[in-house]
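Enquirer: entry.cif is reproduced below (mmCIF, C-alpha atoms and all ligand atoms).
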data_model
loop_
_atom_site.label_atom_id
_atom_site.label_comp_id
_atom_site.auth_asym_id
_atom_site.auth_seq_id
_atom_site.Cartn_x
_atom_site.Cartn_y
_atom_site.Cartn_z
CA MET T 71 -5.90 -4.22 -90.11
CA ARG T 72 -7.52 -2.14 -87.37
CA SER T 73 -6.04 -0.86 -84.12
CA LEU T 74 -7.71 1.07 -81.29
CA ILE T 75 -5.62 4.03 -80.20
CA ASP T 76 -8.26 6.71 -79.61
CA ILE T 77 -11.91 6.01 -78.82
CA VAL T 78 -12.99 7.93 -81.94
CA ASP T 79 -11.19 5.32 -84.06
CA LEU T 80 -14.50 3.51 -83.55
CA THR T 81 -17.68 5.01 -84.99
CA VAL T 82 -20.79 5.32 -82.83
CA GLU T 83 -22.28 2.43 -84.83
CA GLU T 84 -19.22 0.26 -84.15
CA ILE T 85 -19.48 1.01 -80.43
CA GLU T 86 -23.13 -0.03 -80.63
CA GLY T 87 -21.98 -3.24 -82.27
CA LEU T 88 -19.51 -3.90 -79.43
CA ILE T 89 -22.29 -3.32 -76.88
CA THR T 90 -24.49 -5.83 -78.73
CA THR T 91 -21.68 -8.41 -78.76
CA ALA T 92 -20.88 -7.79 -75.06
CA LEU T 93 -24.54 -8.26 -74.10
CA ASP T 94 -24.63 -11.48 -76.12
CA ILE T 95 -21.48 -12.72 -74.35
CA ILE T 96 -23.11 -11.96 -70.98
CA ASP T 97 -26.18 -13.86 -72.13
CA ASP T 98 -24.42 -16.90 -73.56
CA PRO T 99 -20.71 -17.05 -72.65
CA LYS T 100 -20.37 -20.67 -73.82
CA LYS T 101 -21.02 -19.62 -77.40
CA TYR T 102 -17.80 -17.58 -77.28
CA SER T 103 -15.55 -19.95 -75.33
CA GLU T 104 -13.65 -21.31 -78.36
CA VAL T 105 -13.76 -18.41 -80.82
CA CYS T 106 -10.12 -17.38 -80.28
CA ARG T 107 -8.73 -20.92 -80.14
CA GLY T 108 -5.11 -20.79 -81.41
CA LYS T 109 -4.84 -16.99 -81.14
CA LYS T 110 -2.44 -15.16 -78.86
CA LEU T 111 -2.82 -11.79 -77.15
CA ALA T 112 0.36 -10.04 -75.98
CA THR T 113 -0.13 -7.67 -73.06
CA LEU T 114 2.76 -5.19 -72.92
CA PHE T 115 2.39 -3.14 -69.76
CA PHE T 116 5.16 -0.62 -69.15
CA GLU T 117 3.21 1.00 -66.32
CA PRO T 118 1.50 -0.52 -63.25
CA SER T 119 -1.90 -2.12 -63.71
CA THR T 120 -4.05 -4.72 -62.00
CA ARG T 121 -7.47 -4.57 -63.55
CA THR T 122 -6.70 -3.58 -67.10
CA ARG T 123 -4.04 -6.22 -67.73
CA LEU T 124 -5.90 -8.98 -65.91
CA SER T 125 -9.16 -8.09 -67.61
CA PHE T 126 -7.53 -8.25 -71.06
CA GLU T 127 -6.00 -11.59 -70.14
CA ALA T 128 -9.24 -12.96 -68.64
CA ALA T 129 -11.04 -11.75 -71.78
CA MET T 130 -8.67 -13.67 -74.07
CA TYR T 131 -8.82 -16.84 -71.93
CA GLU T 132 -12.62 -16.72 -71.91
CA LEU T 133 -12.53 -16.56 -75.70
CA GLY T 134 -10.40 -19.71 -75.73
CA GLY T 135 -7.18 -17.90 -76.70
CA ASN T 136 -3.76 -17.64 -75.07
CA VAL T 137 -1.80 -14.81 -73.52
CA LEU T 138 1.84 -13.66 -73.59
CA SER T 139 2.62 -11.02 -71.02
CA VAL T 140 5.17 -8.35 -70.16
CA SER T 141 4.08 -6.80 -66.89
CA SER T 142 6.76 -4.15 -66.38
CA GLY T 143 9.19 -2.11 -68.43
CA ALA T 144 12.01 -3.22 -66.14
CA SER T 145 11.55 -6.89 -67.07
CA SER T 146 11.58 -6.28 -70.85
CA SER T 147 14.12 -5.18 -73.44
CA ALA T 148 12.78 -1.64 -73.09
CA SER T 149 15.18 -1.44 -70.14
CA LYS T 150 18.04 -2.20 -72.58
CA GLY T 151 16.99 0.72 -74.73
CA GLU T 152 14.84 -1.01 -77.38
CA SER T 153 12.55 1.39 -79.22
CA ILE T 154 8.77 1.04 -79.16
CA ALA T 155 8.84 0.56 -82.93
CA ASP T 156 11.22 -2.40 -82.68
CA THR T 157 9.33 -3.93 -79.76
CA ALA T 158 6.13 -3.74 -81.82
CA LYS T 159 7.79 -5.44 -84.81
CA VAL T 160 9.20 -8.20 -82.62
CA VAL T 161 5.99 -8.90 -80.70
CA SER T 162 4.06 -9.01 -84.00
CA CYS T 163 6.08 -12.16 -84.82
CA TYR T 164 4.71 -13.92 -81.74
CA ALA T 165 1.21 -12.59 -81.13
CA ASP T 166 -1.98 -12.02 -83.13
CA ILE T 167 -2.98 -8.89 -81.22
CA ILE T 168 -1.25 -6.54 -78.75
CA ALA T 169 -2.58 -4.54 -75.80
CA MET T 170 -0.07 -1.88 -74.71
CA ARG T 171 0.08 0.46 -71.72
CA HIS T 172 2.85 3.01 -71.62
CA PRO T 173 3.73 6.11 -69.55
CA LYS T 174 4.51 8.08 -72.73
CA GLU T 175 1.63 9.71 -74.56
CA GLY T 176 1.47 8.39 -78.12
CA ALA T 177 3.52 5.22 -77.51
CA PRO T 178 0.72 2.82 -78.53
CA MET T 179 0.23 4.84 -81.71
CA VAL T 180 3.89 4.39 -82.59
CA ALA T 181 3.50 0.68 -81.85
CA ALA T 182 0.45 0.48 -84.14
CA MET T 183 2.37 2.16 -86.97
CA ASN T 184 5.07 -0.49 -86.74
CA ALA T 185 3.20 -3.64 -85.78
CA SER T 186 1.78 -6.06 -88.31
CA VAL T 187 -1.04 -7.04 -85.92
CA PRO T 188 -3.75 -4.88 -84.27
CA VAL T 189 -2.63 -2.77 -81.31
CA ILE T 190 -4.95 -1.70 -78.50
CA ASN T 191 -4.09 1.35 -76.40
CA ALA T 192 -4.48 0.21 -72.79
CA GLY T 193 -3.60 3.68 -71.45
CA ASP T 194 -0.93 6.12 -72.66
CA GLY T 195 0.34 8.53 -70.01
CA GLY T 196 -2.16 11.24 -69.14
CA HIS T 197 -3.65 11.09 -72.64
CA ASN T 198 -6.22 8.39 -73.49
CA HIS T 199 -7.64 5.09 -72.26
CA PRO T 200 -10.19 3.97 -74.87
CA THR T 201 -10.92 0.48 -73.50
CA GLN T 202 -11.81 1.93 -70.08
CA THR T 203 -14.22 4.12 -72.01
CA LEU T 204 -15.79 1.02 -73.57
CA ALA T 205 -16.32 -0.32 -70.04
CA ASP T 206 -17.76 3.01 -68.90
CA ILE T 207 -20.08 3.18 -71.90
CA LEU T 208 -21.43 -0.35 -71.36
CA THR T 209 -21.96 0.47 -67.66
CA ILE T 210 -23.86 3.67 -68.44
CA TYR T 211 -25.89 1.85 -71.08
CA ARG T 212 -26.81 -1.02 -68.74
CA GLU T 213 -27.67 1.34 -65.87
CA LYS T 214 -29.50 4.05 -67.80
CA GLY T 215 -30.73 2.16 -70.86
CA LYS T 216 -29.32 4.92 -73.10
CA LEU T 217 -26.22 6.95 -73.86
CA ASP T 218 -27.93 10.20 -74.82
CA HIS T 219 -29.72 12.97 -72.92
CA LEU T 220 -27.63 12.59 -69.79
CA ALA T 221 -25.88 15.06 -67.49
CA VAL T 222 -22.51 13.53 -66.68
CA GLY T 223 -20.30 14.95 -63.93
CA PHE T 224 -16.55 14.29 -63.88
CA CYS T 225 -14.94 14.87 -60.51
CA GLY T 226 -11.31 14.90 -59.34
CA ASP T 227 -8.20 14.91 -61.50
CA LEU T 228 -9.49 16.02 -64.88
CA LYS T 229 -6.06 17.19 -65.98
CA PHE T 230 -4.12 13.94 -65.86
CA GLY T 231 -7.06 11.51 -65.83
CA ARG T 232 -6.86 9.79 -69.20
CA THR T 233 -10.11 7.90 -68.61
CA VAL T 234 -11.86 11.29 -68.37
CA HIS T 235 -10.41 12.54 -71.66
CA SER T 236 -11.50 9.42 -73.55
CA LEU T 237 -14.98 9.24 -72.05
CA ILE T 238 -15.69 12.91 -72.76
CA ARG T 239 -14.64 12.34 -76.37
CA ALA T 240 -16.94 9.32 -76.64
CA LEU T 241 -19.96 10.98 -75.01
CA SER T 242 -19.64 14.11 -77.11
CA ARG T 243 -21.00 12.13 -80.07
CA TYR T 244 -24.40 11.48 -78.47
CA GLU T 245 -27.43 13.82 -78.48
CA GLY T 246 -28.37 15.89 -75.45
CA ILE T 247 -25.22 15.29 -73.41
CA LYS T 248 -24.26 17.85 -70.79
CA ILE T 249 -20.83 17.68 -69.17
CA VAL T 250 -20.15 19.02 -65.68
CA LEU T 251 -16.47 19.39 -64.78
CA ILE T 252 -15.69 19.37 -61.05
CA SER T 253 -12.06 19.78 -60.03
CA PRO T 254 -9.61 21.94 -58.11
CA GLU T 255 -8.25 24.86 -60.18
CA GLU T 256 -4.93 23.06 -60.67
CA LEU T 257 -6.52 19.89 -62.04
CA LYS T 258 -8.95 21.34 -64.58
CA LEU T 259 -9.64 19.60 -67.90
CA PRO T 260 -6.82 20.44 -70.36
CA SER T 261 -7.77 23.22 -72.73
CA TYR T 262 -7.05 21.00 -75.76
CA VAL T 263 -9.88 18.67 -74.71
CA LYS T 264 -12.18 21.63 -74.10
CA LYS T 265 -11.37 23.19 -77.48
CA ASP T 266 -11.10 20.08 -79.66
CA VAL T 267 -14.03 18.24 -78.16
CA LEU T 268 -16.51 20.24 -76.07
CA GLN T 269 -16.36 23.55 -77.93
CA LYS T 270 -15.91 21.99 -81.37
CA GLU T 271 -18.90 19.67 -80.92
CA GLY T 272 -20.96 22.41 -79.23
CA ILE T 273 -21.44 20.33 -76.06
CA PRO T 274 -22.87 22.35 -73.16
CA TYR T 275 -20.54 22.19 -70.17
CA GLU T 276 -19.92 23.90 -66.88
CA GLN T 277 -16.86 24.02 -64.65
CA THR T 278 -16.90 24.25 -60.90
CA THR T 279 -14.86 23.43 -57.83
CA ASP T 280 -17.99 22.64 -55.80
CA LEU T 281 -19.34 19.11 -56.13
CA LEU T 282 -22.32 19.58 -53.82
CA SER T 283 -23.75 22.51 -55.77
CA VAL T 284 -24.02 20.47 -59.00
CA MET T 285 -24.90 17.09 -57.49
CA PRO T 286 -28.72 17.43 -57.93
CA GLU T 287 -28.49 17.78 -61.72
CA LEU T 288 -26.30 14.73 -62.39
CA ASP T 289 -27.45 11.45 -63.95
CA VAL T 290 -23.94 10.01 -63.77
CA LEU T 291 -21.09 10.98 -61.42
CA TYR T 292 -17.66 9.83 -62.61
CA MET T 293 -15.20 10.02 -59.70
CA THR T 294 -11.45 9.81 -60.35
CA ARG T 295 -8.21 9.29 -58.44
CA VAL T 296 -5.69 12.14 -58.28
CA GLN T 297 -2.97 10.75 -60.57
CA LYS T 298 0.00 10.76 -58.20
CA GLU T 299 2.41 9.32 -60.79
CA ARG T 300 1.94 12.31 -63.12
CA PHE T 301 2.81 15.01 -60.55
CA PHE T 302 6.13 16.76 -60.64
CA ASN T 303 6.27 17.27 -56.91
CA GLU T 304 4.96 15.38 -53.91
CA GLU T 305 3.86 18.55 -52.14
CA ASP T 306 1.26 19.40 -54.79
CA TYR T 307 -0.02 15.85 -54.77
CA LEU T 308 -0.41 15.81 -50.98
CA ARG T 309 -2.26 19.12 -51.07
CA LEU T 310 -4.69 18.00 -53.80
CA LYS T 311 -5.14 14.28 -53.22
CA ASP T 312 -8.15 14.51 -50.93
CA SER T 313 -9.90 17.39 -52.70
CA TYR T 314 -13.08 15.33 -53.08
CA ILE T 315 -14.16 12.50 -50.85
CA LEU T 316 -17.61 11.15 -51.59
CA THR T 317 -19.35 10.16 -48.36
CA PRO T 318 -22.99 9.08 -47.86
CA ASP T 319 -24.06 12.50 -46.47
CA LYS T 320 -22.89 14.22 -49.66
CA LEU T 321 -25.35 12.15 -51.68
CA CYS T 322 -28.41 13.63 -49.98
CA GLY T 323 -28.96 16.10 -52.84
CA ALA T 324 -28.29 13.51 -55.58
CA LYS T 325 -30.93 11.89 -57.79
CA SER T 326 -32.14 8.58 -56.42
CA ASP T 327 -31.03 6.86 -59.64
CA MET T 328 -27.73 8.68 -60.20
CA SER T 329 -25.02 6.19 -61.21
CA ILE T 330 -21.64 6.51 -59.47
CA LEU T 331 -18.73 5.37 -61.61
CA HIS T 332 -14.98 5.22 -60.93
CA PRO T 333 -12.39 3.55 -63.18
CA LEU T 334 -10.53 2.33 -60.06
CA PRO T 335 -8.15 2.00 -58.29
CA ARG T 336 -9.77 4.15 -55.63
CA VAL T 337 -7.65 5.75 -52.94
CA ASN T 338 -9.83 8.04 -50.80
CA GLU T 339 -12.27 9.46 -53.35
CA ILE T 340 -15.21 7.26 -52.42
CA ALA T 341 -15.89 6.16 -48.85
CA VAL T 342 -16.29 2.40 -48.50
CA ALA T 343 -19.72 3.10 -46.96
CA ILE T 344 -20.94 4.08 -50.46
CA ASP T 345 -20.22 0.59 -51.82
CA SER T 346 -23.53 -0.76 -50.54
CA ASP T 347 -25.53 2.14 -52.05
CA PRO T 348 -27.49 0.88 -55.08
CA ARG T 349 -26.10 3.82 -57.05
CA ALA T 350 -22.51 2.53 -56.75
CA CYS T 351 -21.54 0.98 -60.11
CA TYR T 352 -17.75 0.82 -59.95
CA PHE T 353 -17.46 -2.90 -59.34
CA LYS T 354 -19.99 -3.58 -62.10
CA GLN T 355 -17.74 -1.44 -64.33
CA VAL T 356 -14.85 -3.86 -63.68
CA LEU T 357 -16.90 -6.77 -64.99
CA ASN T 358 -18.27 -4.79 -67.92
CA ALA T 359 -14.67 -4.02 -68.89
CA LYS T 360 -13.96 -7.70 -69.47
CA TYR T 361 -17.01 -8.16 -71.70
CA MET T 362 -16.21 -5.10 -73.80
CA ARG T 363 -12.57 -6.19 -74.16
CA MET T 364 -13.80 -9.59 -75.33
CA ALA T 365 -16.04 -7.89 -77.89
CA LEU T 366 -13.17 -5.64 -79.01
CA ILE T 367 -10.66 -8.49 -79.40
CA LEU T 368 -13.18 -10.34 -81.59
CA LYS T 369 -13.80 -7.26 -83.70
CA LEU T 370 -10.13 -6.45 -84.26
CA LEU T 371 -9.33 -10.07 -85.09
CA GLY T 372 -12.32 -10.22 -87.45
CA LEU T 373 -13.81 -13.20 -85.60
CA GLU T 374 -17.41 -14.00 -84.75
CA ALA T 375 -19.16 -16.63 -82.67
CA GLU T 376 -21.11 -19.15 -84.68
CA LYS T 377 -24.79 -18.29 -84.71
C1 LIG T 401 -7.22 4.04 -64.69
C2 LIG T 401 -5.96 4.32 -65.51
O1 LIG T 401 -5.06 3.47 -65.56
O2 LIG T 401 -5.94 5.38 -66.10
N1 LIG T 401 -7.24 2.73 -64.20
C3 LIG T 401 -7.79 1.73 -64.96
O3 LIG T 401 -7.26 1.38 -65.98
N2 LIG T 401 -8.97 1.25 -64.58
C4 LIG T 401 -7.50 5.06 -63.65
C5 LIG T 401 -6.44 5.34 -62.62
O4 LIG T 401 -5.36 4.75 -62.61
O5 LIG T 401 -6.73 6.19 -61.76
#
Take the structure in the file and write it out as structure tokens.
Expert:
Amino acid sequence: MRSLIDIVDLTVEEIEGLITTALDIIDDPKKYSEVCRGKKLATLFFEPSTRTRLSFEAAMYELGGNVLSVSSGASSSASKGESIADTAKVVSCYADIIAMRHPKEGAPMVAAMNASVPVINAGDGGHNHPTQTLADILTIYREKGKLDHLAVGFCGDLKFGRTVHSLIRALSRYEGIKIVLISPEELKLPSYVKKDVLQKEGIPYEQTTDLLSVMPELDVLYMTRVQKERFFNEEDYLRLKDSYILTPDKLCGAKSDMSILHPLPRVNEIAVAIDSDPRACYFKQVLNAKYMRMALILKLLGLEAEK
């Protein structure tokens, strides 16, 4: 039984397989509309979410399956003090697969160790968010036609941004990747990601506080929200929240085919005026997320559409 806790739980070949399935779903959704008939997905979200939970649920419905949902810690037995291990054992009795989001780093891993069904990490604290990475990867692949030989800039909250940590890990396995890290001093990429991923894999990277100076070299610009909920004090958040605001004038030095990604929700990081720029991909990313989650659910349940 497989779970997905960290993006590197999937090999590069398996990610390729998910991309192939997602593209086939896009091409012929009807073929997949009954594959999960009789199966249940439990979404256990102990932290706020709109897109991730709804996209998992939409994914399961579009595969013909059903959904059981806990949409806040307060409404579940977690508020009575139940452990993650017990919750995982209990939910395994009702559901065939679990997607869990939790404010504590490592919680989905504990769930996976105790569940008797596959567990998908739908975001654990400031740590990882592998299914957002699957969405990001499909978006880059569809926009660029490849996942290698790209300069990818990450801008904003690289310290607490779990989507950043997972995507850097995933990209580090492709040839010719260059990573550009753009953040305020206080929100730099954690040194464990730098050491365990970038330095270990020998990935060329640069760090800067100045977005405009690196803009011309980027093939992909991944903007992120400053993660308010992970700050210890409001003052620091208020000081840092608008560190980078992408406006049309700032794109004048960018490549004409640079792709702009953002996992969303956006606060102020990207001006609404950018939405109509052909380089803006963040709403496409939302849709790609559903297709990759459909492909992932099929893989973890060991199901395939009939040929
Ligand atoms: C991200 C997350 O939850 O980490 N959102 C998402 O799942 N698309 C990014 C964020 O909240 O800023």
Enquirer: Per residue of chain T within 6 Å of ligand LIG 401 (chain T), what are the shortest atom pair and its distance in Å to one decimal, counting only C-alpha atoms and all ligand atoms, with rows by chain and residue number, as JSON lines?
Expert:
{"residue": "T:Thr122", "atom": "CA", "partner": "T:LIG401", "partner_atom": "O3", "distance": 5.1}
{"residue": "T:Arg232", "atom": "CA", "partner": "T:LIG401", "partner_atom": "O2", "distance": 5.5}
{"residue": "T:Thr233", "atom": "CA", "partner": "T:LIG401", "partner_atom": "O2", "distance": 5.5}
{"residue": "T:Arg295", "atom": "CA", "partner": "T:LIG401", "partner_atom": "O5", "distance": 4.8}
{"residue": "T:Pro333", "atom": "CA", "partner": "T:LIG401", "partner_atom": "N2", "distance": 4.4}
{"residue": "T:Leu334", "atom": "CA", "partner": "T:LIG401", "partner_atom": "N2", "distance": 4.9}
{"residue": "T:Pro335", "atom": "CA", "partner": "T:LIG401", "partner_atom": "O5", "distance": 5.6}
Enquirer: Write the residues of the preceding selection, restricted to C-alpha atoms, as a compact mmCIF listing (two decimals), in the frame of the given file.
Expert:
# COMPACT_ATOMS: atom_id res chain seq x y z
CA THR T 122 -6.70 -3.58 -67.10
CA ARG T 232 -6.86 9.79 -69.20
CA THR T 233 -10.11 7.90 -68.61
CA ARG T 295 -8.21 9.29 -58.44
CA PRO T 333 -12.39 3.55 -63.18
CA LEU T 334 -10.53 2.33 -60.06
CA PRO T 335 -8.15 2.00 -58.29
Enquirer: Would you mind telling me which residue in T:Asn136, T:Thr157, T:Thr209, T:Asn303 lies nearest to Leu114 in chain T when using only C-alpha atoms?
Expert: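 Checking each candidate against Leu114 in chain T, we get T:Thr157 as the closest.
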Enquirer: Contacts of Ser141 in chain T at 9 Å or less, counting all atoms listed in the file, minus same-chain residues fewer than 5 places along, as a ChimeraX atom specification?
Expert: /T:113-119,123,146
Enquirer: The selected residues should be written to file as a PDB file, in the coordinates of the input (atoms: C-alpha atoms).
Expert:
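Final output, part.pdb:
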ATOM      1  CA  THR T 113      -0.130  -7.670 -73.060  1.00  0.00           C
ATOM      2  CA  LEU T 114       2.760  -5.190 -72.920  1.00  0.00           C
ATOM      3  CA  PHE T 115       2.390  -3.140 -69.760  1.00  0.00           C
ATOM      4  CA  PHE T 116       5.160  -0.620 -69.150  1.00  0.00           C
ATOM      5  CA  GLU T 117       3.210   1.000 -66.320  1.00  0.00           C
ATOM      6  CA  PRO T 118       1.500  -0.520 -63.250  1.00  0.00           C
ATOM      7  CA  SER T 119      -1.900  -2.120 -63.710  1.00  0.00           C
ATOM      8  CA  ARG T 123      -4.040  -6.220 -67.730  1.00  0.00           C
ATOM      9  CA  SER T 146      11.580  -6.280 -70.850  1.00  0.00           C
TER      10      SER T 146
END
Enquirer: Which of these, T:Pro274, T:Thr203, T:Glu374, T:Lys298, has the shortest distance to Ser103 in chain T once you count all atoms listed in the file?
Expert: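 Closest to Ser103 in chain T, using all atoms listed in the file: T:Glu374.
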Enquirer: For range 276-281 of chain T, find every residue with an atom within 9 Å (counting all atoms listed in the file), except residues of its own chain fewer than 4 positions away, and show them as a ChimeraX atom specification.
Expert: /T:223,225,248-255,258,285,314,320
Enquirer: As lines of an AutoDock Vina configuration file, what would the box around range 170-177 of chain T look like: edges along x, y and z, 5 Å added on every side, centre and edge lengths in Å to one decimal?
Expert:
center_x = 2.2
center_y = 3.9
center_z = -73.8
size_x = 14.6
size_y = 21.6
size_z = 18.6
Enquirer: As a ChimeraX atom specification, please: the residues near Gln297 in chain T (cut-off 7 Å, all atoms listed in the file, same-chain neighbours under 6 positions excluded).
Expert: /T:227,230-231
Enquirer: Using all atoms listed in the file, pick whichever of T:Ile75, T:Phe353, T:Gly135, T:Ala155 has the shortest atom-to-atom distance to Val105 in chain T.
Expert: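 Under the stated criterion, the closest residue is T:Gly135.
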Enquirer: Could you model N, CA and C atoms for range 273-291 of chain T and present them as an mmCIF file, in the coordinates of the input?
Expert:
data_model
loop_
_atom_site.group_PDB
_atom_site.id
_atom_site.type_symbol
_atom_site.label_atom_id
_atom_site.label_comp_id
_atom_site.auth_asym_id
_atom_site.auth_seq_id
_atom_site.Cartn_x
_atom_site.Cartn_y
_atom_site.Cartn_z
ATOM 1 N N ILE T 273 -20.880 21.033 -77.219
ATOM 2 C CA ILE T 273 -21.440 20.330 -76.060
ATOM 3 C C ILE T 273 -21.562 21.316 -74.896
ATOM 4 N N PRO T 274 -22.766 21.465 -74.321
ATOM 5 C CA PRO T 274 -22.870 22.350 -73.160
ATOM 6 C C PRO T 274 -22.077 21.793 -71.981
ATOM 7 N N TYR T 275 -21.286 22.656 -71.336
ATOM 8 C CA TYR T 275 -20.540 22.190 -70.170
ATOM 9 C C TYR T 275 -20.402 23.306 -69.154
ATOM 10 N N GLU T 276 -20.238 22.905 -67.902
ATOM 11 C CA GLU T 276 -19.920 23.900 -66.880
ATOM 12 C C GLU T 276 -18.753 23.403 -66.056
ATOM 13 N N GLN T 277 -18.023 24.353 -65.466
ATOM 14 C CA GLN T 277 -16.860 24.020 -64.650
ATOM 15 C C GLN T 277 -17.075 24.575 -63.269
ATOM 16 N N THR T 278 -16.739 23.786 -62.264
ATOM 17 C CA THR T 278 -16.900 24.250 -60.900
ATOM 18 C C THR T 278 -15.879 23.567 -60.002
ATOM 19 N N THR T 279 -15.690 24.125 -58.821
ATOM 20 C CA THR T 279 -14.860 23.430 -57.830
ATOM 21 C C THR T 279 -15.766 22.770 -56.781
ATOM 22 N N ASP T 280 -17.074 23.048 -56.872
ATOM 23 C CA ASP T 280 -17.990 22.640 -55.800
ATOM 24 C C ASP T 280 -18.900 21.484 -56.228
ATOM 25 N N LEU T 281 -18.568 20.299 -55.761
ATOM 26 C CA LEU T 281 -19.340 19.110 -56.130
ATOM 27 C C LEU T 281 -20.784 19.185 -55.644
ATOM 28 N N LEU T 282 -20.972 19.621 -54.399
ATOM 29 C CA LEU T 282 -22.320 19.580 -53.820
ATOM 30 C C LEU T 282 -23.307 20.457 -54.587
ATOM 31 N N SER T 283 -22.829 21.589 -55.107
ATOM 32 C CA SER T 283 -23.750 22.510 -55.770
ATOM 33 C C SER T 283 -24.293 21.947 -57.093
ATOM 34 N N VAL T 284 -23.548 21.013 -57.720
ATOM 35 C CA VAL T 284 -24.020 20.470 -59.000
ATOM 36 C C VAL T 284 -24.622 19.073 -58.863
ATOM 37 N N MET T 285 -24.448 18.481 -57.709
ATOM 38 C CA MET T 285 -24.900 17.090 -57.490
ATOM 39 C C MET T 285 -26.352 16.844 -57.953
ATOM 40 N N PRO T 286 -27.318 17.728 -57.603
ATOM 41 C CA PRO T 286 -28.720 17.430 -57.930
ATOM 42 C C PRO T 286 -29.003 17.258 -59.420
ATOM 43 N N GLU T 287 -28.176 17.863 -60.279
ATOM 44 C CA GLU T 287 -28.490 17.780 -61.720
ATOM 45 C C GLU T 287 -27.888 16.549 -62.407
ATOM 46 N N LEU T 288 -27.057 15.787 -61.710
ATOM 47 C CA LEU T 288 -26.300 14.730 -62.390
ATOM 48 C C LEU T 288 -27.060 13.410 -62.538
ATOM 49 N N ASP T 289 -26.946 12.805 -63.736
ATOM 50 C CA ASP T 289 -27.450 11.450 -63.950
ATOM 51 C C ASP T 289 -26.340 10.428 -63.697
ATOM 52 N N VAL T 290 -25.107 10.863 -63.974
ATOM 53 C CA VAL T 290 -23.940 10.010 -63.770
ATOM 54 C C VAL T 290 -22.875 10.857 -63.085
ATOM 55 N N LEU T 291 -22.234 10.295 -62.065
ATOM 56 C CA LEU T 291 -21.090 10.980 -61.420
ATOM 57 C C LEU T 291 -19.871 10.084 -61.592
#
